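K.L.:
Sharing run_34.cif, mmCIF, N, CA and C atoms:
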```
data_final
#
loop_
_atom_site.label_atom_id
_atom_site.label_comp_id
_atom_site.auth_asym_id
_atom_site.auth_seq_id
_atom_site.Cartn_x
_atom_site.Cartn_y
_atom_site.Cartn_z
N MET K 27 -26.05 -27.94 -9.06
CA MET K 27 -26.91 -28.10 -10.22
C MET K 27 -26.29 -27.44 -11.44
N LYS K 28 -25.56 -26.33 -11.25
CA LYS K 28 -24.97 -25.68 -12.42
C LYS K 28 -23.88 -26.53 -13.04
N ASP K 29 -23.20 -27.37 -12.23
CA ASP K 29 -22.17 -28.25 -12.77
C ASP K 29 -22.77 -29.44 -13.50
N CYS K 30 -23.99 -29.83 -13.14
CA CYS K 30 -24.64 -31.02 -13.73
C CYS K 30 -26.09 -30.70 -14.06
N PRO K 31 -26.33 -29.84 -15.03
CA PRO K 31 -27.72 -29.46 -15.33
C PRO K 31 -28.59 -30.64 -15.77
N SER K 32 -27.98 -31.69 -16.32
CA SER K 32 -28.75 -32.85 -16.75
C SER K 32 -29.04 -33.82 -15.61
N GLY K 33 -28.41 -33.59 -14.46
CA GLY K 33 -28.59 -34.51 -13.34
C GLY K 33 -27.64 -35.68 -13.38
N THR K 34 -26.79 -35.74 -14.38
CA THR K 34 -25.78 -36.79 -14.47
C THR K 34 -24.40 -36.15 -14.64
N LEU K 35 -23.40 -36.94 -14.34
CA LEU K 35 -22.02 -36.46 -14.41
C LEU K 35 -21.25 -37.34 -15.38
N SER K 36 -20.68 -36.71 -16.40
CA SER K 36 -19.87 -37.46 -17.37
C SER K 36 -18.50 -37.73 -16.78
N LYS K 37 -17.79 -38.64 -17.40
CA LYS K 37 -16.43 -38.95 -16.96
C LYS K 37 -15.52 -37.72 -17.05
N ASP K 38 -15.62 -36.98 -18.14
CA ASP K 38 -14.80 -35.78 -18.31
C ASP K 38 -15.10 -34.74 -17.22
N ASP K 39 -16.38 -34.57 -16.90
CA ASP K 39 -16.75 -33.63 -15.84
C ASP K 39 -16.22 -34.10 -14.49
N PHE K 40 -16.32 -35.39 -14.25
CA PHE K 40 -15.85 -35.97 -13.00
C PHE K 40 -14.34 -35.74 -12.84
N ILE K 41 -13.60 -35.95 -13.90
CA ILE K 41 -12.15 -35.72 -13.89
C ILE K 41 -11.85 -34.25 -13.64
N ARG K 42 -12.60 -33.37 -14.29
CA ARG K 42 -12.41 -31.92 -14.10
C ARG K 42 -12.62 -31.53 -12.63
N ILE K 43 -13.60 -32.11 -12.00
CA ILE K 43 -13.86 -31.82 -10.58
C ILE K 43 -12.68 -32.30 -9.74
N TYR K 44 -12.18 -33.49 -10.00
CA TYR K 44 -11.02 -34.01 -9.27
C TYR K 44 -9.81 -33.08 -9.45
N GLN K 45 -9.64 -32.55 -10.64
CA GLN K 45 -8.49 -31.68 -10.91
C GLN K 45 -8.52 -30.42 -10.06
N GLN K 46 -9.71 -29.98 -9.68
CA GLN K 46 -9.81 -28.80 -8.82
C GLN K 46 -9.25 -29.09 -7.42
N PHE K 47 -9.36 -30.33 -6.98
CA PHE K 47 -8.89 -30.70 -5.65
C PHE K 47 -7.41 -31.08 -5.61
N PHE K 48 -6.86 -31.42 -6.77
CA PHE K 48 -5.45 -31.85 -6.84
C PHE K 48 -4.73 -31.09 -7.95
N PRO K 49 -4.63 -29.77 -7.81
CA PRO K 49 -4.02 -28.97 -8.89
C PRO K 49 -2.53 -29.21 -9.05
N GLN K 50 -1.84 -29.70 -8.01
CA GLN K 50 -0.40 -29.92 -8.12
C GLN K 50 -0.05 -31.25 -8.78
N GLY K 51 -1.02 -32.14 -8.86
CA GLY K 51 -0.75 -33.44 -9.46
C GLY K 51 -1.63 -33.68 -10.68
N ASN K 52 -1.66 -34.92 -11.11
CA ASN K 52 -2.49 -35.31 -12.24
C ASN K 52 -3.48 -36.39 -11.76
N PRO K 53 -4.71 -35.99 -11.43
CA PRO K 53 -5.67 -36.96 -10.91
C PRO K 53 -6.48 -37.69 -11.98
N SER K 54 -6.17 -37.48 -13.24
CA SER K 54 -7.02 -38.02 -14.32
C SER K 54 -7.20 -39.53 -14.24
N GLN K 55 -6.12 -40.27 -14.09
CA GLN K 55 -6.23 -41.73 -14.08
C GLN K 55 -6.97 -42.22 -12.85
N PHE K 56 -6.64 -41.66 -11.68
CA PHE K 56 -7.33 -42.08 -10.46
C PHE K 56 -8.81 -41.74 -10.55
N ALA K 57 -9.13 -40.55 -11.02
CA ALA K 57 -10.53 -40.15 -11.16
C ALA K 57 -11.27 -41.09 -12.12
N SER K 58 -10.59 -41.55 -13.15
CA SER K 58 -11.20 -42.50 -14.09
C SER K 58 -11.54 -43.81 -13.38
N HIS K 59 -10.62 -44.27 -12.53
CA HIS K 59 -10.87 -45.51 -11.77
C HIS K 59 -12.05 -45.33 -10.82
N VAL K 60 -12.08 -44.20 -10.12
CA VAL K 60 -13.17 -43.94 -9.18
C VAL K 60 -14.49 -43.82 -9.94
N PHE K 61 -14.45 -43.17 -11.09
CA PHE K 61 -15.66 -43.02 -11.91
C PHE K 61 -16.26 -44.40 -12.22
N GLN K 62 -15.40 -45.35 -12.58
CA GLN K 62 -15.89 -46.70 -12.93
C GLN K 62 -16.65 -47.33 -11.77
N VAL K 63 -16.19 -47.09 -10.55
CA VAL K 63 -16.86 -47.68 -9.38
C VAL K 63 -18.15 -46.92 -9.06
N PHE K 64 -18.13 -45.60 -9.17
CA PHE K 64 -19.33 -44.80 -8.93
C PHE K 64 -20.42 -45.13 -9.95
N ASP K 65 -20.02 -45.36 -11.20
CA ASP K 65 -20.97 -45.65 -12.29
C ASP K 65 -21.39 -47.11 -12.21
N SER K 66 -22.22 -47.40 -11.22
CA SER K 66 -22.54 -48.81 -10.90
C SER K 66 -23.29 -49.54 -12.01
N ASN K 67 -24.04 -48.82 -12.84
CA ASN K 67 -24.74 -49.50 -13.93
C ASN K 67 -23.96 -49.44 -15.25
N ALA K 68 -22.75 -48.89 -15.21
CA ALA K 68 -21.84 -48.86 -16.35
C ALA K 68 -22.46 -48.24 -17.61
N ASP K 69 -23.23 -47.16 -17.41
CA ASP K 69 -23.83 -46.50 -18.57
C ASP K 69 -23.03 -45.29 -19.05
N GLY K 70 -21.86 -45.08 -18.45
CA GLY K 70 -21.00 -43.99 -18.91
C GLY K 70 -21.23 -42.66 -18.24
N CYS K 71 -22.15 -42.62 -17.29
CA CYS K 71 -22.35 -41.39 -16.53
C CYS K 71 -22.78 -41.75 -15.11
N ILE K 72 -22.57 -40.82 -14.20
CA ILE K 72 -22.95 -41.03 -12.81
C ILE K 72 -24.24 -40.27 -12.56
N SER K 73 -25.28 -41.02 -12.20
CA SER K 73 -26.55 -40.38 -11.87
C SER K 73 -26.45 -39.82 -10.45
N PHE K 74 -27.40 -38.97 -10.11
CA PHE K 74 -27.43 -38.41 -8.76
C PHE K 74 -27.51 -39.53 -7.73
N LYS K 75 -28.34 -40.54 -8.00
CA LYS K 75 -28.49 -41.67 -7.07
C LYS K 75 -27.17 -42.43 -6.92
N GLU K 76 -26.49 -42.73 -8.02
CA GLU K 76 -25.20 -43.42 -7.95
C GLU K 76 -24.20 -42.60 -7.14
N PHE K 77 -24.21 -41.30 -7.35
CA PHE K 77 -23.28 -40.43 -6.64
C PHE K 77 -23.55 -40.45 -5.14
N ILE K 78 -24.81 -40.33 -4.76
CA ILE K 78 -25.18 -40.31 -3.34
C ILE K 78 -24.88 -41.65 -2.68
N VAL K 79 -25.18 -42.74 -3.35
CA VAL K 79 -24.89 -44.07 -2.78
C VAL K 79 -23.39 -44.24 -2.55
N ALA K 80 -22.58 -43.91 -3.55
CA ALA K 80 -21.13 -44.06 -3.41
C ALA K 80 -20.58 -43.11 -2.35
N LEU K 81 -21.08 -41.89 -2.32
CA LEU K 81 -20.64 -40.92 -1.33
C LEU K 81 -21.02 -41.38 0.08
N SER K 82 -22.18 -41.96 0.21
CA SER K 82 -22.63 -42.45 1.51
C SER K 82 -21.71 -43.55 2.03
N VAL K 83 -21.36 -44.49 1.17
CA VAL K 83 -20.47 -45.58 1.58
C VAL K 83 -19.09 -45.05 1.91
N THR K 84 -18.55 -44.18 1.06
CA THR K 84 -17.17 -43.72 1.26
C THR K 84 -17.03 -42.74 2.41
N SER K 85 -18.11 -42.07 2.79
CA SER K 85 -17.98 -41.10 3.88
C SER K 85 -18.62 -41.56 5.18
N LYS K 86 -19.72 -42.27 5.10
CA LYS K 86 -20.45 -42.64 6.32
C LYS K 86 -20.49 -44.14 6.58
N GLY K 87 -20.00 -44.94 5.65
CA GLY K 87 -20.07 -46.38 5.81
C GLY K 87 -19.15 -46.89 6.90
N SER K 88 -19.37 -48.13 7.30
CA SER K 88 -18.50 -48.78 8.27
C SER K 88 -17.14 -49.05 7.61
N LEU K 89 -16.15 -49.40 8.41
CA LEU K 89 -14.84 -49.73 7.86
C LEU K 89 -14.95 -50.87 6.85
N ASP K 90 -15.74 -51.90 7.17
CA ASP K 90 -15.92 -53.02 6.24
C ASP K 90 -16.55 -52.57 4.93
N GLU K 91 -17.55 -51.70 5.00
CA GLU K 91 -18.19 -51.20 3.77
C GLU K 91 -17.20 -50.39 2.93
N LYS K 92 -16.41 -49.57 3.60
CA LYS K 92 -15.41 -48.77 2.89
C LYS K 92 -14.35 -49.66 2.26
N LEU K 93 -13.95 -50.71 2.95
CA LEU K 93 -12.95 -51.63 2.39
C LEU K 93 -13.52 -52.42 1.22
N ASP K 94 -14.80 -52.80 1.31
CA ASP K 94 -15.45 -53.47 0.17
C ASP K 94 -15.46 -52.53 -1.04
N TRP K 95 -15.77 -51.25 -0.81
CA TRP K 95 -15.77 -50.28 -1.89
C TRP K 95 -14.36 -50.14 -2.48
N ALA K 96 -13.37 -50.04 -1.60
CA ALA K 96 -11.98 -49.91 -2.06
C ALA K 96 -11.56 -51.15 -2.84
N PHE K 97 -11.98 -52.33 -2.39
CA PHE K 97 -11.65 -53.56 -3.13
C PHE K 97 -12.18 -53.45 -4.56
N SER K 98 -13.41 -52.96 -4.69
CA SER K 98 -14.00 -52.80 -6.03
C SER K 98 -13.19 -51.83 -6.88
N LEU K 99 -12.64 -50.81 -6.25
CA LEU K 99 -11.80 -49.84 -6.96
C LEU K 99 -10.54 -50.50 -7.49
N TYR K 100 -9.89 -51.31 -6.66
CA TYR K 100 -8.62 -51.94 -7.04
C TYR K 100 -8.81 -53.14 -7.98
N ASP K 101 -9.95 -53.82 -7.89
CA ASP K 101 -10.21 -54.99 -8.74
C ASP K 101 -10.69 -54.51 -10.11
N LEU K 102 -9.76 -54.03 -10.90
CA LEU K 102 -10.10 -53.35 -12.16
C LEU K 102 -10.85 -54.23 -13.15
N ASP K 103 -10.53 -55.51 -13.21
CA ASP K 103 -11.21 -56.36 -14.18
C ASP K 103 -12.43 -57.09 -13.61
N GLY K 104 -12.71 -56.85 -12.32
CA GLY K 104 -13.91 -57.42 -11.72
C GLY K 104 -13.91 -58.92 -11.53
N ASP K 105 -12.71 -59.54 -11.48
CA ASP K 105 -12.65 -60.99 -11.35
C ASP K 105 -12.66 -61.49 -9.91
N GLY K 106 -12.78 -60.57 -8.94
CA GLY K 106 -12.82 -60.97 -7.54
C GLY K 106 -11.46 -61.04 -6.88
N PHE K 107 -10.42 -60.62 -7.58
CA PHE K 107 -9.06 -60.62 -7.05
C PHE K 107 -8.38 -59.30 -7.44
N ILE K 108 -7.40 -58.91 -6.65
CA ILE K 108 -6.56 -57.77 -7.01
C ILE K 108 -5.19 -58.32 -7.36
N SER K 109 -4.80 -58.17 -8.61
CA SER K 109 -3.47 -58.60 -9.04
C SER K 109 -2.48 -57.50 -8.72
N SER K 110 -1.20 -57.84 -8.76
CA SER K 110 -0.19 -56.81 -8.52
C SER K 110 -0.23 -55.75 -9.62
N THR K 111 -0.60 -56.15 -10.83
CA THR K 111 -0.72 -55.20 -11.94
C THR K 111 -1.86 -54.21 -11.68
N GLU K 112 -2.99 -54.72 -11.21
CA GLU K 112 -4.11 -53.84 -10.88
C GLU K 112 -3.74 -52.89 -9.74
N MET K 113 -3.11 -53.45 -8.71
CA MET K 113 -2.68 -52.63 -7.57
C MET K 113 -1.71 -51.55 -8.04
N LEU K 114 -0.78 -51.92 -8.90
CA LEU K 114 0.20 -50.96 -9.41
C LEU K 114 -0.48 -49.85 -10.19
N SER K 115 -1.49 -50.19 -10.97
CA SER K 115 -2.21 -49.17 -11.74
C SER K 115 -2.86 -48.15 -10.80
N ILE K 116 -3.52 -48.62 -9.76
CA ILE K 116 -4.18 -47.71 -8.82
C ILE K 116 -3.16 -46.90 -8.03
N VAL K 117 -2.14 -47.58 -7.49
CA VAL K 117 -1.14 -46.88 -6.68
C VAL K 117 -0.40 -45.84 -7.51
N THR K 118 -0.06 -46.18 -8.75
CA THR K 118 0.59 -45.21 -9.64
C THR K 118 -0.31 -44.00 -9.84
N SER K 119 -1.59 -44.25 -10.05
CA SER K 119 -2.52 -43.13 -10.27
C SER K 119 -2.65 -42.26 -9.01
N ILE K 120 -2.55 -42.87 -7.84
CA ILE K 120 -2.59 -42.10 -6.59
C ILE K 120 -1.32 -41.25 -6.47
N TYR K 121 -0.17 -41.85 -6.74
CA TYR K 121 1.09 -41.09 -6.68
C TYR K 121 1.07 -39.94 -7.68
N ASP K 122 0.54 -40.18 -8.88
CA ASP K 122 0.44 -39.12 -9.88
C ASP K 122 -0.50 -38.00 -9.40
N MET K 123 -1.57 -38.40 -8.72
CA MET K 123 -2.56 -37.43 -8.26
C MET K 123 -2.01 -36.52 -7.17
N VAL K 124 -1.32 -37.09 -6.20
CA VAL K 124 -0.84 -36.26 -5.08
C VAL K 124 0.45 -35.53 -5.41
N GLY K 125 1.09 -35.93 -6.49
CA GLY K 125 2.32 -35.24 -6.90
C GLY K 125 3.33 -35.27 -5.78
N ASN K 126 3.92 -34.14 -5.49
CA ASN K 126 4.93 -34.09 -4.43
C ASN K 126 4.35 -33.48 -3.14
N MET K 127 3.04 -33.60 -2.95
CA MET K 127 2.39 -33.06 -1.75
C MET K 127 2.80 -33.83 -0.49
N ILE K 128 3.15 -35.09 -0.66
CA ILE K 128 3.47 -35.95 0.49
C ILE K 128 4.88 -36.49 0.33
N ILE K 129 5.65 -36.40 1.40
CA ILE K 129 6.98 -37.01 1.41
C ILE K 129 6.83 -38.42 1.97
N LEU K 130 7.25 -39.38 1.18
CA LEU K 130 7.06 -40.79 1.53
C LEU K 130 8.33 -41.41 2.08
N PRO K 131 8.18 -42.43 2.93
CA PRO K 131 9.37 -43.14 3.41
C PRO K 131 10.08 -43.82 2.25
N LYS K 132 11.36 -44.05 2.40
CA LYS K 132 12.20 -44.61 1.34
C LYS K 132 11.64 -45.93 0.78
N ASP K 133 11.04 -46.76 1.67
CA ASP K 133 10.54 -48.05 1.20
C ASP K 133 9.17 -47.95 0.51
N GLU K 134 8.66 -46.72 0.35
CA GLU K 134 7.38 -46.51 -0.34
C GLU K 134 7.45 -45.34 -1.33
N ASP K 135 8.65 -44.91 -1.68
CA ASP K 135 8.78 -43.69 -2.48
C ASP K 135 8.53 -43.89 -3.98
N THR K 136 8.23 -45.10 -4.39
CA THR K 136 7.77 -45.35 -5.76
C THR K 136 6.54 -46.25 -5.68
N PRO K 137 5.68 -46.19 -6.68
CA PRO K 137 4.52 -47.09 -6.68
C PRO K 137 4.92 -48.56 -6.60
N GLU K 138 5.99 -48.93 -7.28
CA GLU K 138 6.43 -50.33 -7.28
C GLU K 138 6.82 -50.78 -5.88
N LYS K 139 7.54 -49.93 -5.15
CA LYS K 139 7.94 -50.29 -3.78
C LYS K 139 6.72 -50.41 -2.88
N ARG K 140 5.76 -49.50 -3.04
CA ARG K 140 4.55 -49.55 -2.21
C ARG K 140 3.75 -50.83 -2.49
N VAL K 141 3.60 -51.18 -3.77
CA VAL K 141 2.85 -52.39 -4.13
C VAL K 141 3.56 -53.64 -3.59
N ARG K 142 4.87 -53.68 -3.73
CA ARG K 142 5.64 -54.81 -3.19
C ARG K 142 5.40 -54.95 -1.69
N LYS K 143 5.44 -53.84 -0.99
CA LYS K 143 5.23 -53.84 0.46
C LYS K 143 3.81 -54.31 0.81
N ILE K 144 2.83 -53.83 0.07
CA ILE K 144 1.43 -54.23 0.30
C ILE K 144 1.28 -55.74 0.10
N PHE K 145 1.85 -56.26 -0.98
CA PHE K 145 1.68 -57.69 -1.25
C PHE K 145 2.42 -58.55 -0.22
N ILE K 146 3.56 -58.09 0.25
CA ILE K 146 4.26 -58.83 1.31
C ILE K 146 3.39 -58.88 2.56
N GLN K 147 2.73 -57.78 2.84
CA GLN K 147 1.90 -57.66 4.03
C GLN K 147 0.57 -58.41 3.90
N MET K 148 -0.06 -58.38 2.73
CA MET K 148 -1.43 -58.86 2.60
C MET K 148 -1.60 -60.21 1.92
N ASP K 149 -0.72 -60.58 1.01
CA ASP K 149 -0.91 -61.80 0.21
C ASP K 149 -0.53 -63.03 1.03
N GLN K 150 -1.46 -63.47 1.87
CA GLN K 150 -1.20 -64.53 2.83
C GLN K 150 -0.77 -65.84 2.19
N ASP K 151 -1.40 -66.21 1.08
CA ASP K 151 -1.04 -67.48 0.43
C ASP K 151 0.02 -67.30 -0.66
N GLN K 152 0.51 -66.09 -0.82
CA GLN K 152 1.59 -65.75 -1.74
C GLN K 152 1.34 -66.25 -3.17
N ASP K 153 0.08 -66.07 -3.62
CA ASP K 153 -0.25 -66.49 -4.98
C ASP K 153 -0.21 -65.33 -5.98
N GLY K 154 0.23 -64.16 -5.52
CA GLY K 154 0.36 -63.03 -6.43
C GLY K 154 -0.92 -62.26 -6.68
N ARG K 155 -1.94 -62.56 -5.90
CA ARG K 155 -3.20 -61.82 -6.02
C ARG K 155 -3.87 -61.79 -4.65
N LEU K 156 -4.68 -60.75 -4.44
CA LEU K 156 -5.35 -60.59 -3.16
C LEU K 156 -6.83 -60.92 -3.29
N THR K 157 -7.31 -61.76 -2.40
CA THR K 157 -8.74 -61.99 -2.30
C THR K 157 -9.35 -60.81 -1.54
N ARG K 158 -10.65 -60.71 -1.57
CA ARG K 158 -11.33 -59.67 -0.80
C ARG K 158 -10.97 -59.80 0.68
N GLN K 159 -10.96 -61.04 1.17
CA GLN K 159 -10.65 -61.27 2.59
C GLN K 159 -9.21 -60.86 2.91
N GLU K 160 -8.25 -61.24 2.07
CA GLU K 160 -6.86 -60.84 2.30
C GLU K 160 -6.72 -59.32 2.29
N PHE K 161 -7.40 -58.68 1.34
CA PHE K 161 -7.34 -57.23 1.24
C PHE K 161 -7.90 -56.56 2.49
N LYS K 162 -9.07 -57.03 2.92
CA LYS K 162 -9.71 -56.41 4.08
C LYS K 162 -8.92 -56.67 5.36
N GLU K 163 -8.49 -57.90 5.56
CA GLU K 163 -7.72 -58.22 6.77
C GLU K 163 -6.38 -57.48 6.79
N GLY K 164 -5.70 -57.46 5.65
CA GLY K 164 -4.43 -56.75 5.55
C GLY K 164 -4.59 -55.26 5.76
N SER K 165 -5.65 -54.70 5.21
CA SER K 165 -5.91 -53.27 5.37
C SER K 165 -6.16 -52.92 6.83
N LYS K 166 -6.87 -53.79 7.53
CA LYS K 166 -7.17 -53.54 8.94
C LYS K 166 -5.92 -53.61 9.82
N MET K 167 -4.88 -54.26 9.33
CA MET K 167 -3.63 -54.36 10.08
C MET K 167 -2.69 -53.18 9.82
N ASP K 168 -3.04 -52.36 8.84
CA ASP K 168 -2.20 -51.21 8.47
C ASP K 168 -2.82 -49.94 9.06
N PRO K 169 -2.17 -49.37 10.10
CA PRO K 169 -2.75 -48.18 10.75
C PRO K 169 -2.97 -47.01 9.79
N PHE K 170 -2.12 -46.86 8.79
CA PHE K 170 -2.27 -45.77 7.82
C PHE K 170 -3.56 -45.95 7.02
N ILE K 171 -3.84 -47.18 6.60
CA ILE K 171 -5.06 -47.45 5.82
C ILE K 171 -6.29 -47.25 6.69
N VAL K 172 -6.28 -47.78 7.91
CA VAL K 172 -7.41 -47.63 8.82
C VAL K 172 -7.70 -46.14 9.07
N GLN K 173 -6.64 -45.37 9.31
CA GLN K 173 -6.81 -43.94 9.56
C GLN K 173 -7.39 -43.25 8.32
N ALA K 174 -6.94 -43.64 7.15
CA ALA K 174 -7.42 -43.01 5.92
C ALA K 174 -8.92 -43.25 5.70
N PHE K 175 -9.44 -44.35 6.21
CA PHE K 175 -10.85 -44.68 6.03
C PHE K 175 -11.74 -44.19 7.16
N GLN K 176 -11.17 -43.53 8.16
CA GLN K 176 -12.01 -43.04 9.27
C GLN K 176 -12.23 -41.57 9.21
#
```
Kindly transcribe the structure held in the file into structure tokens.
P.N.:
Amino acid sequence: MKDCPSGTLSKDDFIRIYQQFFPQGNPSQFASHVFQVFDSNADGCISFKEFIVALSVTSKGSLDEKLDWAFSLYDLDGDGFISSTEMLSIVTSIYDMVGNMIILPKDEDTPEKRVRKIFIQMDQDQDGRLTRQEFKEGSKMDPFIVQAFQ
């Protein structure tokens, strides 16, 4: 309550909270993306209800619910597809956030390499964008992604 006396969380406050968890990196961009998904009514702040609903899905939801939530995170323009540009924006923000906390394999050591690998794995019709179904099916085939959501 002391962090949110008004009962709502601003974007700046949300980013500040993320920074406490990732002091070695820069979580600002990723936190901004997550904020957009948590702020379901797009009023510029996260209400207690919005926070609890998003937290419930991301922590207690089924794998399908978590993947639907993640799809919403990656689909930055809300058009129902994830473009490689959108994926690159999110993946870059994740790499910036974790900094050098994680040593990555050579074929994933840059955001561009990771996005290329994801699209090779998931873009079944090779049209340069992922549908919700392609994203969910591809994610379920990646043990690292499945583990991250459990």
K.L.:
Set the distance at 8 Å and use all atoms listed in the file: which residues neighbour K:Val63 once local chain neighbours fewer than 6 positions away are removed? I'd like the list as a list in words.
P.N.:
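What passes the distance filter is Ala57, Glu76, Ala80, Trp95, Ser98 and Leu99 of chain K.
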K.L.:
Determine the residue set returned by the PyMOL selection byres ((chain K and resi 73) around 7) for the present structure, and present it as number ranges by chain.
P.N.:
K: 33-35, 64-65, 71-72, 74-78
K.L.:
One decimal, Å: what's the distance from atom N of K:Ser165 over to atom CA of K:Met148, could you say?
P.N.:
6.5 Å
K.L.:
Which is closer to K:Gly154 than all the others in K:Val117, K:Ser109, K:Val172, K:Lys37, using all atoms listed in the file?
P.N.:
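When distances to K:Gly154 are compared using all atoms listed in the file, the smallest one comes from K:Ser109.
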K.L.:
Out of K:Val79, K:Met113, K:Leu102, K:Val60, which residue has the shortest atom-to-atom distance to K:Phe145 when counting only C-alpha atoms?
P.N.:
K:Met113
